[in-house]
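Pasted below: protein00.cif, mmCIF, N, CA and C atoms.
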```cif
data_entry
#
loop_
_atom_site.label_atom_id
_atom_site.label_comp_id
_atom_site.auth_asym_id
_atom_site.auth_seq_id
_atom_site.Cartn_x
_atom_site.Cartn_y
_atom_site.Cartn_z
N MET V 1 -48.13 -115.30 77.56
CA MET V 1 -48.41 -114.30 76.56
C MET V 1 -47.32 -114.37 75.48
N ALA V 2 -47.75 -114.40 74.21
CA ALA V 2 -46.81 -114.53 73.11
C ALA V 2 -46.25 -113.17 72.74
N LEU V 3 -44.99 -113.16 72.38
CA LEU V 3 -44.36 -111.91 71.96
C LEU V 3 -44.68 -111.64 70.49
N ARG V 4 -44.89 -110.38 70.19
CA ARG V 4 -45.13 -110.00 68.80
C ARG V 4 -43.81 -109.89 68.08
N THR V 5 -43.79 -110.37 66.89
CA THR V 5 -42.58 -110.26 66.08
C THR V 5 -42.85 -109.33 64.92
N ARG V 6 -41.80 -108.70 64.45
CA ARG V 6 -41.94 -107.82 63.30
C ARG V 6 -42.16 -108.64 62.05
N SER V 7 -42.96 -108.09 61.13
CA SER V 7 -43.19 -108.80 59.87
C SER V 7 -41.97 -108.70 58.97
N THR V 8 -41.20 -107.62 59.08
CA THR V 8 -39.98 -107.49 58.28
C THR V 8 -38.83 -107.25 59.24
N PRO V 9 -37.72 -107.84 59.01
CA PRO V 9 -36.57 -107.63 59.90
C PRO V 9 -36.02 -106.22 59.73
N PRO V 10 -35.43 -105.67 60.77
CA PRO V 10 -34.87 -104.32 60.65
C PRO V 10 -33.74 -104.32 59.63
N GLN V 11 -33.67 -103.23 58.87
CA GLN V 11 -32.63 -103.12 57.87
C GLN V 11 -31.37 -102.59 58.52
N ALA V 12 -30.27 -103.19 58.20
CA ALA V 12 -29.00 -102.83 58.83
C ALA V 12 -28.61 -101.41 58.46
N GLY V 13 -28.27 -100.62 59.46
CA GLY V 13 -27.74 -99.28 59.22
C GLY V 13 -28.77 -98.23 58.87
N LYS V 14 -30.06 -98.51 58.93
CA LYS V 14 -31.09 -97.53 58.58
C LYS V 14 -32.01 -97.33 59.77
N SER V 15 -32.27 -96.09 60.08
CA SER V 15 -33.21 -95.81 61.16
C SER V 15 -34.63 -95.95 60.62
N ARG V 16 -35.58 -95.91 61.52
CA ARG V 16 -36.98 -96.06 61.12
C ARG V 16 -37.40 -94.95 60.16
N LYS V 17 -36.91 -93.74 60.39
CA LYS V 17 -37.27 -92.61 59.53
C LYS V 17 -36.73 -92.81 58.11
N ASP V 18 -35.50 -93.31 58.01
CA ASP V 18 -34.90 -93.50 56.69
C ASP V 18 -35.58 -94.60 55.89
N ARG V 19 -36.13 -95.61 56.54
CA ARG V 19 -36.79 -96.68 55.82
C ARG V 19 -38.06 -96.20 55.12
N ASN V 20 -38.67 -95.13 55.65
CA ASN V 20 -39.92 -94.63 55.06
C ASN V 20 -39.69 -93.59 53.97
N ARG V 21 -38.45 -93.18 53.77
CA ARG V 21 -38.16 -92.20 52.73
C ARG V 21 -38.09 -92.88 51.37
N ALA V 22 -38.34 -92.09 50.35
CA ALA V 22 -38.20 -92.61 48.98
C ALA V 22 -36.72 -92.83 48.71
N PRO V 23 -36.40 -93.85 47.96
CA PRO V 23 -34.99 -94.08 47.61
C PRO V 23 -34.42 -92.90 46.85
N ASP V 24 -33.09 -92.77 46.92
CA ASP V 24 -32.42 -91.64 46.28
C ASP V 24 -32.69 -91.58 44.78
N PHE V 25 -32.74 -92.73 44.12
CA PHE V 25 -32.94 -92.69 42.67
C PHE V 25 -34.33 -92.20 42.32
N GLU V 26 -35.31 -92.31 43.23
CA GLU V 26 -36.64 -91.78 42.95
C GLU V 26 -36.73 -90.31 43.31
N ARG V 27 -36.04 -89.90 44.36
CA ARG V 27 -36.11 -88.51 44.78
C ARG V 27 -35.40 -87.58 43.82
N ASN V 28 -34.32 -88.03 43.24
CA ASN V 28 -33.49 -87.15 42.42
C ASN V 28 -33.77 -87.27 40.93
N ARG V 29 -34.82 -87.94 40.54
CA ARG V 29 -35.10 -88.11 39.13
C ARG V 29 -35.67 -86.83 38.54
N ILE V 30 -35.50 -86.68 37.26
CA ILE V 30 -36.05 -85.52 36.56
C ILE V 30 -37.45 -85.90 36.10
N ALA V 31 -38.42 -85.14 36.52
CA ALA V 31 -39.81 -85.46 36.21
C ALA V 31 -40.16 -84.95 34.81
N VAL V 32 -40.88 -85.77 34.06
CA VAL V 32 -41.40 -85.37 32.77
C VAL V 32 -42.75 -84.72 33.03
N VAL V 33 -42.90 -83.49 32.58
CA VAL V 33 -44.14 -82.74 32.82
C VAL V 33 -45.02 -82.81 31.59
N MET V 34 -46.31 -83.08 31.81
CA MET V 34 -47.30 -83.14 30.74
C MET V 34 -48.34 -82.06 31.00
N ILE V 35 -48.94 -81.58 29.93
CA ILE V 35 -50.11 -80.71 30.04
C ILE V 35 -51.27 -81.55 29.55
N ARG V 36 -52.18 -81.90 30.45
CA ARG V 36 -53.25 -82.83 30.11
C ARG V 36 -54.51 -82.48 30.88
N LEU V 37 -55.58 -83.26 30.63
CA LEU V 37 -56.87 -83.01 31.25
C LEU V 37 -56.98 -83.74 32.58
N ALA V 38 -57.64 -83.08 33.55
CA ALA V 38 -57.99 -83.72 34.82
C ALA V 38 -59.49 -83.52 34.99
N ARG V 39 -60.24 -84.59 35.14
CA ARG V 39 -61.69 -84.49 35.22
C ARG V 39 -62.13 -84.08 36.60
N VAL V 40 -63.01 -83.07 36.68
CA VAL V 40 -63.52 -82.59 37.97
C VAL V 40 -65.03 -82.55 38.00
N GLY V 41 -65.73 -82.89 36.93
CA GLY V 41 -67.19 -82.81 36.90
C GLY V 41 -67.85 -83.96 37.63
N ALA V 42 -69.14 -83.83 37.84
CA ALA V 42 -69.92 -84.88 38.48
C ALA V 42 -70.18 -86.01 37.50
N ARG V 43 -70.81 -87.05 37.98
CA ARG V 43 -71.09 -88.20 37.14
C ARG V 43 -72.00 -87.79 35.98
N LYS V 44 -71.63 -88.17 34.78
CA LYS V 44 -72.32 -87.83 33.53
C LYS V 44 -72.36 -86.33 33.24
N GLN V 45 -71.53 -85.57 33.91
CA GLN V 45 -71.42 -84.13 33.65
C GLN V 45 -69.94 -83.76 33.60
N PRO V 46 -69.26 -84.13 32.53
CA PRO V 46 -67.82 -83.91 32.50
C PRO V 46 -67.44 -82.43 32.45
N TYR V 47 -66.43 -82.11 33.21
CA TYR V 47 -65.82 -80.78 33.22
C TYR V 47 -64.35 -81.03 33.51
N TYR V 48 -63.47 -80.39 32.77
CA TYR V 48 -62.06 -80.71 32.88
C TYR V 48 -61.24 -79.48 33.21
N ARG V 49 -60.19 -79.71 34.00
CA ARG V 49 -59.15 -78.71 34.18
C ARG V 49 -58.00 -79.12 33.28
N ILE V 50 -57.35 -78.14 32.69
CA ILE V 50 -56.14 -78.40 31.91
C ILE V 50 -54.99 -78.10 32.85
N VAL V 51 -54.20 -79.12 33.17
CA VAL V 51 -53.19 -79.00 34.22
C VAL V 51 -51.81 -79.36 33.72
N ALA V 52 -50.80 -78.76 34.36
CA ALA V 52 -49.42 -79.19 34.19
C ALA V 52 -49.15 -80.17 35.33
N ILE V 53 -48.76 -81.39 34.99
CA ILE V 53 -48.64 -82.46 35.98
C ILE V 53 -47.51 -83.39 35.56
N GLU V 54 -46.91 -84.06 36.54
CA GLU V 54 -45.88 -85.05 36.22
C GLU V 54 -46.52 -86.21 35.47
N LYS V 55 -45.78 -86.77 34.53
CA LYS V 55 -46.35 -87.78 33.63
C LYS V 55 -46.81 -89.03 34.34
N ASP V 56 -46.12 -89.43 35.40
CA ASP V 56 -46.46 -90.69 36.05
C ASP V 56 -47.48 -90.54 37.18
N ARG V 57 -48.07 -89.39 37.34
CA ARG V 57 -49.11 -89.21 38.36
C ARG V 57 -50.46 -89.69 37.83
N ALA V 58 -51.39 -89.92 38.76
CA ALA V 58 -52.73 -90.36 38.40
C ALA V 58 -53.46 -89.26 37.63
N ARG V 59 -54.54 -89.63 36.95
CA ARG V 59 -55.29 -88.67 36.12
C ARG V 59 -55.71 -87.44 36.91
N ASN V 60 -56.24 -87.65 38.10
CA ASN V 60 -56.68 -86.53 38.94
C ASN V 60 -55.72 -86.32 40.11
N GLY V 61 -54.46 -86.71 39.95
CA GLY V 61 -53.47 -86.56 41.01
C GLY V 61 -53.10 -85.11 41.23
N ARG V 62 -52.17 -84.93 42.16
CA ARG V 62 -51.74 -83.57 42.50
C ARG V 62 -51.04 -82.94 41.31
N SER V 63 -51.54 -81.81 40.86
CA SER V 63 -50.97 -81.14 39.70
C SER V 63 -50.02 -80.05 40.15
N ILE V 64 -49.18 -79.63 39.23
CA ILE V 64 -48.25 -78.54 39.51
C ILE V 64 -48.98 -77.21 39.39
N GLU V 65 -49.78 -77.07 38.32
CA GLU V 65 -50.47 -75.80 38.08
C GLU V 65 -51.66 -76.04 37.16
N VAL V 66 -52.74 -75.32 37.41
CA VAL V 66 -53.91 -75.34 36.52
C VAL V 66 -53.70 -74.25 35.48
N VAL V 67 -53.71 -74.64 34.20
CA VAL V 67 -53.46 -73.68 33.13
C VAL V 67 -54.67 -73.43 32.24
N GLY V 68 -55.83 -73.97 32.62
CA GLY V 68 -57.03 -73.72 31.83
C GLY V 68 -58.16 -74.64 32.22
N THR V 69 -59.31 -74.45 31.56
CA THR V 69 -60.48 -75.30 31.78
C THR V 69 -61.09 -75.65 30.43
N TYR V 70 -61.86 -76.74 30.44
CA TYR V 70 -62.53 -77.21 29.22
C TYR V 70 -63.88 -77.77 29.63
N ASN V 71 -64.96 -77.22 29.05
CA ASN V 71 -66.31 -77.70 29.32
C ASN V 71 -66.93 -78.18 28.02
N PRO V 72 -66.97 -79.50 27.80
CA PRO V 72 -67.52 -80.00 26.54
C PRO V 72 -69.04 -80.00 26.48
N ARG V 73 -69.71 -79.69 27.59
CA ARG V 73 -71.17 -79.75 27.62
C ARG V 73 -71.85 -78.51 27.06
N THR V 74 -71.14 -77.43 26.92
CA THR V 74 -71.74 -76.23 26.34
C THR V 74 -71.71 -76.34 24.82
N SER V 75 -72.52 -75.54 24.18
CA SER V 75 -72.55 -75.57 22.72
C SER V 75 -72.23 -74.18 22.19
N PRO V 76 -71.10 -73.94 21.60
CA PRO V 76 -69.96 -74.83 21.40
C PRO V 76 -69.18 -75.02 22.71
N ALA V 77 -68.30 -75.98 22.74
CA ALA V 77 -67.53 -76.30 23.94
C ALA V 77 -66.72 -75.08 24.37
N THR V 78 -66.67 -74.86 25.69
CA THR V 78 -65.97 -73.70 26.24
C THR V 78 -64.55 -74.09 26.61
N VAL V 79 -63.59 -73.33 26.11
CA VAL V 79 -62.18 -73.56 26.44
C VAL V 79 -61.61 -72.25 26.95
N ASP V 80 -61.05 -72.28 28.15
CA ASP V 80 -60.41 -71.10 28.73
C ASP V 80 -58.96 -71.47 29.03
N LEU V 81 -58.02 -70.79 28.37
CA LEU V 81 -56.61 -71.13 28.50
C LEU V 81 -55.80 -69.94 28.99
N LYS V 82 -54.78 -70.23 29.79
CA LYS V 82 -53.79 -69.22 30.18
C LYS V 82 -52.60 -69.42 29.23
N HIS V 83 -52.63 -68.72 28.12
CA HIS V 83 -51.64 -68.94 27.07
C HIS V 83 -50.23 -68.63 27.51
N ASP V 84 -50.07 -67.62 28.38
CA ASP V 84 -48.72 -67.29 28.83
C ASP V 84 -48.13 -68.41 29.68
N ARG V 85 -48.94 -69.05 30.52
CA ARG V 85 -48.44 -70.15 31.35
C ARG V 85 -48.20 -71.41 30.52
N ILE V 86 -49.05 -71.63 29.51
CA ILE V 86 -48.83 -72.78 28.62
C ILE V 86 -47.52 -72.59 27.86
N ALA V 87 -47.27 -71.37 27.40
CA ALA V 87 -46.01 -71.09 26.69
C ALA V 87 -44.82 -71.31 27.62
N TYR V 88 -44.96 -70.94 28.88
CA TYR V 88 -43.86 -71.15 29.83
C TYR V 88 -43.58 -72.64 30.01
N TRP V 89 -44.63 -73.43 30.25
CA TRP V 89 -44.42 -74.86 30.46
C TRP V 89 -43.87 -75.54 29.22
N ARG V 90 -44.30 -75.11 28.04
CA ARG V 90 -43.74 -75.67 26.82
C ARG V 90 -42.26 -75.31 26.70
N SER V 91 -41.88 -74.11 27.13
CA SER V 91 -40.48 -73.68 27.02
C SER V 91 -39.56 -74.47 27.94
N VAL V 92 -40.10 -75.01 29.04
CA VAL V 92 -39.26 -75.80 29.94
C VAL V 92 -39.38 -77.29 29.65
N GLY V 93 -40.05 -77.66 28.56
CA GLY V 93 -40.06 -79.04 28.11
C GLY V 93 -41.31 -79.84 28.36
N ALA V 94 -42.41 -79.21 28.75
CA ALA V 94 -43.65 -79.96 28.98
C ALA V 94 -44.21 -80.46 27.65
N GLN V 95 -44.85 -81.62 27.70
CA GLN V 95 -45.45 -82.21 26.51
C GLN V 95 -46.97 -82.12 26.61
N PHE V 96 -47.64 -81.94 25.45
CA PHE V 96 -49.10 -81.93 25.41
C PHE V 96 -49.63 -83.35 25.30
N SER V 97 -50.80 -83.60 25.90
CA SER V 97 -51.53 -84.81 25.55
C SER V 97 -52.20 -84.54 24.21
N THR V 98 -52.70 -85.58 23.55
CA THR V 98 -53.26 -85.39 22.20
C THR V 98 -54.48 -84.47 22.23
N ILE V 99 -55.34 -84.63 23.22
CA ILE V 99 -56.56 -83.82 23.28
C ILE V 99 -56.22 -82.37 23.59
N VAL V 100 -55.31 -82.14 24.52
CA VAL V 100 -54.93 -80.76 24.86
C VAL V 100 -54.24 -80.09 23.68
N GLU V 101 -53.47 -80.85 22.93
CA GLU V 101 -52.82 -80.27 21.75
C GLU V 101 -53.86 -79.78 20.75
N LYS V 102 -54.93 -80.55 20.56
CA LYS V 102 -56.01 -80.12 19.66
C LYS V 102 -56.72 -78.89 20.20
N LEU V 103 -56.96 -78.85 21.52
CA LEU V 103 -57.64 -77.70 22.10
C LEU V 103 -56.82 -76.42 21.96
N VAL V 104 -55.51 -76.54 22.15
CA VAL V 104 -54.65 -75.35 22.05
C VAL V 104 -54.55 -74.87 20.61
N THR V 105 -54.49 -75.79 19.65
CA THR V 105 -54.40 -75.35 18.26
C THR V 105 -55.71 -74.74 17.77
N LYS V 106 -56.85 -75.23 18.27
CA LYS V 106 -58.14 -74.65 17.88
C LYS V 106 -58.43 -73.33 18.58
N ASN V 107 -57.77 -73.07 19.69
CA ASN V 107 -57.98 -71.83 20.46
C ASN V 107 -56.64 -71.13 20.66
N PRO V 108 -56.10 -70.53 19.60
CA PRO V 108 -54.78 -69.88 19.73
C PRO V 108 -54.87 -68.62 20.58
N ALA V 109 -53.72 -68.17 21.01
CA ALA V 109 -53.65 -66.94 21.81
C ALA V 109 -54.09 -65.77 20.93
N PRO V 110 -54.84 -64.85 21.51
CA PRO V 110 -55.24 -63.68 20.72
C PRO V 110 -54.00 -62.87 20.34
N ALA V 111 -54.00 -62.39 19.10
CA ALA V 111 -52.87 -61.60 18.63
C ALA V 111 -52.84 -60.27 19.38
N ALA V 112 -51.66 -59.87 19.74
CA ALA V 112 -51.52 -58.60 20.45
C ALA V 112 -51.85 -57.46 19.49
N VAL V 113 -52.84 -56.67 19.85
CA VAL V 113 -53.26 -55.57 19.01
C VAL V 113 -52.46 -54.34 19.42
N PRO V 114 -51.67 -53.80 18.49
CA PRO V 114 -50.90 -52.61 18.85
C PRO V 114 -51.83 -51.42 19.03
N GLU V 115 -51.51 -50.62 20.01
CA GLU V 115 -52.35 -49.44 20.26
C GLU V 115 -52.14 -48.45 19.13
N PRO V 116 -53.24 -47.87 18.64
CA PRO V 116 -53.08 -46.90 17.54
C PRO V 116 -52.33 -45.67 18.04
N THR V 117 -51.38 -45.24 17.25
CA THR V 117 -50.63 -44.04 17.62
C THR V 117 -51.32 -42.84 16.99
N VAL V 118 -51.61 -41.89 17.82
CA VAL V 118 -52.29 -40.69 17.36
C VAL V 118 -51.24 -39.61 17.16
N VAL V 119 -51.18 -39.11 15.93
CA VAL V 119 -50.24 -38.04 15.62
C VAL V 119 -51.04 -36.74 15.64
N ALA V 120 -50.72 -35.93 16.60
CA ALA V 120 -51.44 -34.66 16.75
C ALA V 120 -50.83 -33.62 15.82
N ALA V 121 -51.70 -32.81 15.24
CA ALA V 121 -51.22 -31.73 14.39
C ALA V 121 -50.57 -30.68 15.29
N PRO V 122 -49.53 -30.04 14.79
CA PRO V 122 -48.88 -29.03 15.62
C PRO V 122 -49.86 -27.90 15.94
N VAL V 123 -49.87 -27.55 17.19
CA VAL V 123 -50.77 -26.51 17.66
C VAL V 123 -49.95 -25.25 17.90
N ALA V 124 -50.46 -24.13 17.35
CA ALA V 124 -49.77 -22.86 17.56
C ALA V 124 -50.01 -22.42 18.99
N VAL V 125 -48.92 -22.17 19.68
CA VAL V 125 -49.02 -21.73 21.07
C VAL V 125 -48.65 -20.26 21.10
N ALA V 126 -49.54 -19.49 21.65
CA ALA V 126 -49.30 -18.05 21.73
C ALA V 126 -48.25 -17.80 22.81
N ALA V 127 -47.39 -16.84 22.53
CA ALA V 127 -46.37 -16.48 23.52
C ALA V 127 -47.06 -15.81 24.69
N PRO V 128 -46.56 -16.05 25.88
CA PRO V 128 -47.21 -15.41 27.03
C PRO V 128 -47.10 -13.89 26.93
N ALA V 129 -48.16 -13.24 27.30
CA ALA V 129 -48.19 -11.78 27.23
C ALA V 129 -47.25 -11.22 28.29
N VAL V 130 -46.49 -10.21 27.88
CA VAL V 130 -45.56 -9.57 28.80
C VAL V 130 -46.30 -8.40 29.43
N VAL V 131 -46.36 -8.42 30.72
CA VAL V 131 -47.05 -7.35 31.43
C VAL V 131 -46.00 -6.44 32.03
N ALA V 132 -46.14 -5.18 31.71
CA ALA V 132 -45.17 -4.21 32.22
C ALA V 132 -45.53 -3.89 33.66
N GLU V 133 -44.53 -3.96 34.53
CA GLU V 133 -44.77 -3.63 35.93
C GLU V 133 -44.56 -2.13 36.11
N PRO V 134 -45.35 -1.56 36.97
CA PRO V 134 -45.16 -0.11 37.19
C PRO V 134 -43.81 0.15 37.85
N ALA V 135 -43.20 1.24 37.44
CA ALA V 135 -41.90 1.60 37.98
C ALA V 135 -42.08 2.14 39.38
N VAL V 136 -41.24 1.68 40.25
CA VAL V 136 -41.28 2.13 41.64
C VAL V 136 -40.06 2.99 41.87
N ALA V 137 -40.34 4.17 42.39
CA ALA V 137 -39.24 5.09 42.63
C ALA V 137 -38.54 4.69 43.91
N GLU V 138 -37.20 4.64 43.80
CA GLU V 138 -36.42 4.29 44.99
C GLU V 138 -36.20 5.54 45.81
N PRO V 139 -36.23 5.35 47.09
CA PRO V 139 -35.98 6.55 47.93
C PRO V 139 -34.56 7.05 47.74
N VAL V 140 -34.45 8.33 47.73
CA VAL V 140 -33.16 8.98 47.51
C VAL V 140 -32.55 9.29 48.87
N GLU V 141 -31.29 8.95 49.00
CA GLU V 141 -30.62 9.23 50.27
C GLU V 141 -29.96 10.59 50.19
N ALA V 142 -30.09 11.29 51.22
CA ALA V 142 -29.52 12.63 51.21
C ALA V 142 -28.24 12.75 51.95
#
```
How would this structure read if it were set down as structure tokens?
Amino acid sequence: MALRTRSTPPQAGKSRKDRNRAPDFERNRIAVVMIRLARVGARKQPYYRIVAIEKDRARNGRSIEVVGTYNPRTSPATVDLKHDRIAYWRSVGAQFSTIVEKLVTKNPAPAAVPEPTVVAAPVAVAAPAVVAEPAVAEPVEA
């Protein structure tokens, strides 16, 4: 019976668990975050999620967060955005893809409508009526 040999020789000073880990330079790198489209629709029925994702991940790879949706099949196309989350990701350095940049500029965040302040006219308040209590005679001590 022939002995099986390893296809790769064991690496000096590394355990089996360490050989399967990502190298330190890959683990400690700073990821560039993009806000881009990820397709989720069926064949010939495109539907997209707008996601925050690392730049080097696949188109439909694991995303960090879903920040909106885009349906080009409706007339007009439906765009639903979480503007507060998009603003957060932009503030920490995320970059837009070209298509997402166009979608965000065409669908800006709704302007905050200040609540109307109602100034009430001064109302005359009547003073509470004073009710006289009947006098009670105290018992006299003899």
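Between atom CA of V:Arg73 and atom N of V:Val104 lies a distance of 16.9 Å.
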- Computed gap from atom CA of V:Lys55 to atom C of V:Lys102 is 19.2 Å
Identify all residues satisfying the PyMOL selection byres ((chain V and resi 35-49) around 6.5) in the given file; provide them as a PDB file with N, CA and C atoms, in the coordinates of the input.
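The resulting file, expr06.pdb, is shown below:
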```pdb
ATOM      1  N   VAL V  33     -42.900 -83.490  32.580  1.00  0.00           N
ATOM      2  CA  VAL V  33     -44.140 -82.740  32.820  1.00  0.00           C
ATOM      3  C   VAL V  33     -45.020 -82.810  31.590  1.00  0.00           C
ATOM      4  N   MET V  34     -46.310 -83.080  31.810  1.00  0.00           N
ATOM      5  CA  MET V  34     -47.300 -83.140  30.740  1.00  0.00           C
ATOM      6  C   MET V  34     -48.340 -82.060  31.000  1.00  0.00           C
ATOM      7  N   ILE V  50     -57.350 -78.140  32.690  1.00  0.00           N
ATOM      8  CA  ILE V  50     -56.140 -78.400  31.910  1.00  0.00           C
ATOM      9  C   ILE V  50     -54.990 -78.100  32.850  1.00  0.00           C
ATOM     10  N   VAL V  51     -54.200 -79.120  33.170  1.00  0.00           N
ATOM     11  CA  VAL V  51     -53.190 -79.000  34.220  1.00  0.00           C
ATOM     12  C   VAL V  51     -51.810 -79.360  33.720  1.00  0.00           C
ATOM     13  N   ALA V  52     -50.800 -78.760  34.360  1.00  0.00           N
ATOM     14  CA  ALA V  52     -49.420 -79.190  34.190  1.00  0.00           C
ATOM     15  C   ALA V  52     -49.150 -80.170  35.330  1.00  0.00           C
ATOM     16  N   ILE V  53     -48.760 -81.390  34.990  1.00  0.00           N
ATOM     17  CA  ILE V  53     -48.640 -82.460  35.980  1.00  0.00           C
ATOM     18  C   ILE V  53     -47.510 -83.390  35.560  1.00  0.00           C
ATOM     19  N   ARG V  59     -54.540 -89.630  36.950  1.00  0.00           N
ATOM     20  CA  ARG V  59     -55.290 -88.670  36.120  1.00  0.00           C
ATOM     21  C   ARG V  59     -55.710 -87.440  36.910  1.00  0.00           C
ATOM     22  N   ASN V  60     -56.240 -87.650  38.100  1.00  0.00           N
ATOM     23  CA  ASN V  60     -56.680 -86.530  38.940  1.00  0.00           C
ATOM     24  C   ASN V  60     -55.720 -86.320  40.110  1.00  0.00           C
ATOM     25  N   VAL V  66     -52.740 -75.320  37.410  1.00  0.00           N
ATOM     26  CA  VAL V  66     -53.910 -75.340  36.520  1.00  0.00           C
ATOM     27  C   VAL V  66     -53.700 -74.250  35.480  1.00  0.00           C
ATOM     28  N   VAL V  67     -53.710 -74.640  34.200  1.00  0.00           N
ATOM     29  CA  VAL V  67     -53.460 -73.680  33.130  1.00  0.00           C
ATOM     30  C   VAL V  67     -54.670 -73.430  32.240  1.00  0.00           C
ATOM     31  N   GLY V  68     -55.830 -73.970  32.620  1.00  0.00           N
ATOM     32  CA  GLY V  68     -57.030 -73.720  31.830  1.00  0.00           C
ATOM     33  C   GLY V  68     -58.160 -74.640  32.220  1.00  0.00           C
ATOM     34  N   THR V  69     -59.310 -74.450  31.560  1.00  0.00           N
ATOM     35  CA  THR V  69     -60.480 -75.300  31.780  1.00  0.00           C
ATOM     36  C   THR V  69     -61.090 -75.650  30.430  1.00  0.00           C
ATOM     37  N   TYR V  70     -61.860 -76.740  30.440  1.00  0.00           N
ATOM     38  CA  TYR V  70     -62.530 -77.210  29.220  1.00  0.00           C
ATOM     39  C   TYR V  70     -63.880 -77.770  29.630  1.00  0.00           C
ATOM     40  N   ASN V  71     -64.960 -77.220  29.050  1.00  0.00           N
ATOM     41  CA  ASN V  71     -66.310 -77.700  29.320  1.00  0.00           C
ATOM     42  C   ASN V  71     -66.930 -78.180  28.020  1.00  0.00           C
ATOM     43  N   PRO V  72     -66.970 -79.500  27.800  1.00  0.00           N
ATOM     44  CA  PRO V  72     -67.520 -80.000  26.540  1.00  0.00           C
ATOM     45  C   PRO V  72     -69.040 -80.000  26.480  1.00  0.00           C
ATOM     46  N   ARG V  73     -69.710 -79.690  27.590  1.00  0.00           N
ATOM     47  CA  ARG V  73     -71.170 -79.750  27.620  1.00  0.00           C
ATOM     48  C   ARG V  73     -71.850 -78.510  27.060  1.00  0.00           C
ATOM     49  N   ALA V  94     -42.410 -79.210  28.750  1.00  0.00           N
ATOM     50  CA  ALA V  94     -43.650 -79.960  28.980  1.00  0.00           C
ATOM     51  C   ALA V  94     -44.210 -80.460  27.650  1.00  0.00           C
ATOM     52  N   GLN V  95     -44.850 -81.620  27.700  1.00  0.00           N
ATOM     53  CA  GLN V  95     -45.450 -82.210  26.510  1.00  0.00           C
ATOM     54  C   GLN V  95     -46.970 -82.120  26.610  1.00  0.00           C
ATOM     55  N   PHE V  96     -47.640 -81.940  25.450  1.00  0.00           N
ATOM     56  CA  PHE V  96     -49.100 -81.930  25.410  1.00  0.00           C
ATOM     57  C   PHE V  96     -49.630 -83.350  25.300  1.00  0.00           C
ATOM     58  N   SER V  97     -50.800 -83.600  25.900  1.00  0.00           N
ATOM     59  CA  SER V  97     -51.530 -84.810  25.550  1.00  0.00           C
ATOM     60  C   SER V  97     -52.200 -84.540  24.210  1.00  0.00           C
ATOM     61  N   VAL V 100     -55.310 -82.140  24.520  1.00  0.00           N
ATOM     62  CA  VAL V 100     -54.930 -80.760  24.860  1.00  0.00           C
ATOM     63  C   VAL V 100     -54.240 -80.090  23.680  1.00  0.00           C
TER      64      VAL V 100
END
```
If the box runs along x, y and z of the file and leaves 3 Å on each side of stretch 59-66 of chain V, what are its centre and edge lengths in Å, one decimal, as AutoDock Vina command-line options?
```
--center_x -52.5 --center_y -81.9 --center_z 39.0 --size_x 14.4 --size_y 21.4 --size_z 13.0
```
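Proximity to V:Ala31 was assessed for V:Ser75, V:Thr98, V:Pro139, V:Val92 counting only C-alpha atoms; the smallest distance is recorded for V:Val92.
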- One decimal, Å: what's the distance from atom CA of V:Asp84 over to atom CA of V:Val118, could you say? 29.2 Å
- Note on the structure: With distances taken over only C-alpha atoms, the candidate from V:Ser91, V:Val140, V:Ala77, V:Val32 nearest V:Asp56 is V:Val32
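Proximity to V:Lys82 was assessed for V:Ala109, V:Ala58, V:Ile64, V:Ile99 counting all atoms listed in the file; the smallest distance is recorded for V:Ala109.
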